[in-house]
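Q: The structure follows.
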Amino acid sequence: MKLTKQLLLASSLLLNSALLMAEEIVVHRSSSCSCCGKWVEHLKQNHFSIKDIVTDDVQAIKDQYGVKAALSSCHTAIINSYVVEGHVPAADIAKLLKTKPAVVGISVPGMPIGTPGMEMGGKKDVYDVVSFDKQGKAQVFSHYGN
């Protein structure tokens, strides 16, 4: 019985990894921001296929996809027609792709300490991953911390 559960879990993890690898995430980031590169590495470690676009005008991408200032962070990514703004954990991107909600995308506004790419030892801010619609209306998608 225990072996069956382990095999099912392993199969599920492999299937999820295969699905993520099939989905390319296009990351738009500035060359001067080291935390963006660390976030890209986080995605690679979680089996995402990355197209990394270094640009001097990330704001143009945010404007193109309707990312309002209140939702903004330092990089913007697109996957399967969804916007992923900022230091969103890979698990939340996987959840987004699996649940397919009727939203523009998800965001971690600002640059909270302890998010993927913003690690600073054991220090961690409490933060939310929010989903948002075309009007910029946001609601909590996932919560991290207390």
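Lettering and numbering for the structure tokens are positional, with chains as A, B, ... in the shown order, residues counted from 1 in each chain, and ligands counted from 1 in the shown order.
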Would you kindly return, as a ChimeraX atom specification, each protein, DNA or RNA residue with an atom no farther than 9 Å from any atom of Met118 of chain A, considering only C-alpha atoms and excluding same-chain residues fewer than 6 positions away?
A: /A:35-36,38-39,87,111-112
Q: Env of Asn80 of chain A: 8 Å cut, atoms = only C-alpha atoms, seq-sep filter 4 positions within chain, self excluded. Answer as JSON, numbers by chain.
A: {"A": [23, 24, 25, 97]}
Q: Residues as selected, C-alpha atoms, written as a compact mmCIF listing (two decimals), in the first residue's frame, can you do that?
A:
```txt
# COMPACT_ATOMS: atom_id res chain seq x y z
CA GLU A 23 4.72 25.50 -21.07
CA GLU A 24 7.33 28.13 -21.88
CA ILE A 25 7.39 31.14 -19.59
CA LEU A 97 -1.98 26.73 -14.95
```
Q: Quick one: of A:Pro116, A:Gln59, A:Asn46, A:Val26, who's nearest to Ser81 of chain A, counting only C-alpha atoms?
A: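 Looking only at the distances to Ser81 of chain A, the closest residue turns out to be A:Val26.
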Q: Could you give me the residues within segment 56-118 of chain A that DSSP places in alpha helix (DSSP H), as a list in words?
A: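 Reading the DSSP output for segment 56-118 of chain A, alpha helix (DSSP H) covers Val58, Gln59, Ala60, Ile61, Lys62, Asp63, Gln64, Tyr65, Ala90, Ala91, Asp92, Ile93, Ala94, Lys95, Leu96, Leu97, Lys98 and Thr99 of chain A.
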Q: Would you save the residues of that selection, restricted to N, CA and C atoms, as an mmCIF file, in the first residue's frame?
A:
```cif
data_model
loop_
_atom_site.group_PDB
_atom_site.id
_atom_site.type_symbol
_atom_site.label_atom_id
_atom_site.label_comp_id
_atom_site.auth_asym_id
_atom_site.auth_seq_id
_atom_site.Cartn_x
_atom_site.Cartn_y
_atom_site.Cartn_z
ATOM 1 N N VAL A 58 10.981 47.373 -19.266
ATOM 2 C CA VAL A 58 10.026 46.410 -18.717
ATOM 3 C C VAL A 58 8.658 47.077 -18.547
ATOM 4 N N GLN A 59 8.640 48.389 -18.308
ATOM 5 C CA GLN A 59 7.371 49.088 -18.119
ATOM 6 C C GLN A 59 6.467 48.967 -19.346
ATOM 7 N N ALA A 60 7.044 48.956 -20.529
ATOM 8 C CA ALA A 60 6.237 48.806 -21.755
ATOM 9 C C ALA A 60 5.498 47.468 -21.752
ATOM 10 N N ILE A 61 6.128 46.427 -21.240
ATOM 11 C CA ILE A 61 5.489 45.106 -21.153
ATOM 12 C C ILE A 61 4.360 45.153 -20.127
ATOM 13 N N LYS A 62 4.613 45.789 -18.995
ATOM 14 C CA LYS A 62 3.579 45.930 -17.960
ATOM 15 C C LYS A 62 2.366 46.678 -18.530
ATOM 16 N N ASP A 63 2.627 47.750 -19.255
ATOM 17 C CA ASP A 63 1.551 48.531 -19.864
ATOM 18 C C ASP A 63 0.790 47.702 -20.890
ATOM 19 N N GLN A 64 1.512 46.949 -21.701
ATOM 20 C CA GLN A 64 0.891 46.119 -22.742
ATOM 21 C C GLN A 64 -0.072 45.094 -22.143
ATOM 22 N N TYR A 65 0.279 44.540 -20.984
ATOM 23 C CA TYR A 65 -0.535 43.486 -20.377
ATOM 24 C C TYR A 65 -1.420 43.970 -19.234
ATOM 25 N N ALA A 90 7.013 29.335 -7.824
ATOM 26 C CA ALA A 90 6.711 28.399 -8.909
ATOM 27 C C ALA A 90 5.443 27.594 -8.630
ATOM 28 N N ALA A 91 5.210 27.239 -7.370
ATOM 29 C CA ALA A 91 4.021 26.456 -7.020
ATOM 30 C C ALA A 91 2.737 27.218 -7.356
ATOM 31 N N ASP A 92 2.763 28.541 -7.219
ATOM 32 C CA ASP A 92 1.577 29.333 -7.554
ATOM 33 C C ASP A 92 1.369 29.436 -9.060
ATOM 34 N N ILE A 93 2.447 29.454 -9.811
ATOM 35 C CA ILE A 93 2.320 29.437 -11.273
ATOM 36 C C ILE A 93 1.725 28.108 -11.713
ATOM 37 N N ALA A 94 2.196 27.017 -11.117
ATOM 38 C CA ALA A 94 1.648 25.694 -11.425
ATOM 39 C C ALA A 94 0.161 25.634 -11.078
ATOM 40 N N LYS A 95 -0.198 26.209 -9.925
ATOM 41 C CA LYS A 95 -1.608 26.253 -9.501
ATOM 42 C C LYS A 95 -2.444 27.054 -10.506
ATOM 43 N N LEU A 96 -1.910 28.176 -10.966
ATOM 44 C CA LEU A 96 -2.591 29.006 -11.963
ATOM 45 C C LEU A 96 -2.860 28.206 -13.236
ATOM 46 N N LEU A 97 -1.838 27.502 -13.711
ATOM 47 C CA LEU A 97 -1.978 26.728 -14.948
ATOM 48 C C LEU A 97 -2.933 25.553 -14.786
ATOM 49 N N LYS A 98 -2.970 24.992 -13.592
ATOM 50 C CA LYS A 98 -3.849 23.845 -13.342
ATOM 51 C C LYS A 98 -5.299 24.269 -13.187
ATOM 52 N N THR A 99 -5.542 25.368 -12.458
ATOM 53 C CA THR A 99 -6.917 25.786 -12.161
ATOM 54 C C THR A 99 -7.531 26.660 -13.255
#
```
Q: Return the single residue from A:Asp57, A:Glu85, A:Asp133, A:Glu41 that is closest to Ser107 of chain A, with distances computed using only C-alpha atoms.
A: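 Between A:Asp57, A:Glu85, A:Asp133, A:Glu41, the residue approaching Ser107 of chain A most closely is A:Glu85.
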Q: As JSON, numbers by chain, please: all residues of segment 62-141 of chain A that backbone DSSP puts in strand (DSSP E).
A: {"A": [76, 77, 78, 79, 82, 83, 84, 85, 86, 105, 106, 107, 108, 127, 128, 129, 130, 131, 132, 138, 139, 140, 141]}
Q: Do a neighbour search on Gly136 of chain A at 10 Å with only C-alpha atoms, toss out local chain neighbours closer than 5 positions, and write the hits as a PyMOL selection string.
A: chain A and resi 66-71+103-105+131
Q: Tell me which of A:Ala102, A:Val83, A:Ala77, A:Gly117 sits closest to Gln45 of chain A, counting only C-alpha atoms.
A: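 Counting only C-alpha atoms, the residue closest to Gln45 of chain A is A:Gly117.
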Q: Would you compute the distance between atom CA of Pro101 of chain A and atom CA of Lys137 of chain A? Give it in Å to one decimal.
A: 14.1 Å
Q: Please list as a VMD selection string every residue within 7 Å of His143 of chain A, counting only C-alpha atoms and excluding residues in the same chain fewer than 4 positions away.
A: chain A and resid 127 to 129
Q: So that I have them on file, write out the residues from the current selection with C-alpha atoms, as an mmCIF file, in the first residue's frame.
A:
```
data_model
loop_
_atom_site.group_PDB
_atom_site.id
_atom_site.type_symbol
_atom_site.label_atom_id
_atom_site.label_comp_id
_atom_site.auth_asym_id
_atom_site.auth_seq_id
_atom_site.Cartn_x
_atom_site.Cartn_y
_atom_site.Cartn_z
ATOM 1 C CA TYR A 127 3.054 38.426 1.673
ATOM 2 C CA ASP A 128 0.224 37.545 -0.669
ATOM 3 C CA VAL A 129 0.177 36.315 -4.211
#
```
Q: Can you tell me, as an MDAnalysis selection string, what residues are no more than 12 Å from Lys123 of chain A when counting only C-alpha atoms, ignoring any on the same chain fewer than 6 positions away?
A: chainID A and resid 112:115 145
Q: For the selection just defined, write its residues with N, CA and C atoms to a file, as a PDB file, in the first residue's frame.
A:
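This is the output file part36.pdb:
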```
ATOM      1  N   PRO A 112       8.870  41.628  -1.696  1.00  0.00           N
ATOM      2  CA  PRO A 112       8.948  41.160  -0.306  1.00  0.00           C
ATOM      3  C   PRO A 112      10.161  40.260  -0.059  1.00  0.00           C
ATOM      4  N   ILE A 113      10.796  40.458   1.065  1.00  0.00           N
ATOM      5  CA  ILE A 113      11.933  39.631   1.465  1.00  0.00           C
ATOM      6  C   ILE A 113      11.449  38.207   1.717  1.00  0.00           C
ATOM      7  N   GLY A 114      12.205  37.249   1.198  1.00  0.00           N
ATOM      8  CA  GLY A 114      11.873  35.839   1.403  1.00  0.00           C
ATOM      9  C   GLY A 114      11.112  35.206   0.262  1.00  0.00           C
ATOM     10  N   THR A 115      10.688  36.020  -0.704  1.00  0.00           N
ATOM     11  CA  THR A 115      10.050  35.453  -1.892  1.00  0.00           C
ATOM     12  C   THR A 115      11.147  34.855  -2.783  1.00  0.00           C
ATOM     13  N   GLY A 145       3.247  33.238   5.173  1.00  0.00           N
ATOM     14  CA  GLY A 145       3.610  33.835   6.456  1.00  0.00           C
ATOM     15  C   GLY A 145       2.526  33.635   7.481  1.00  0.00           C
TER      16      GLY A 145
END
```
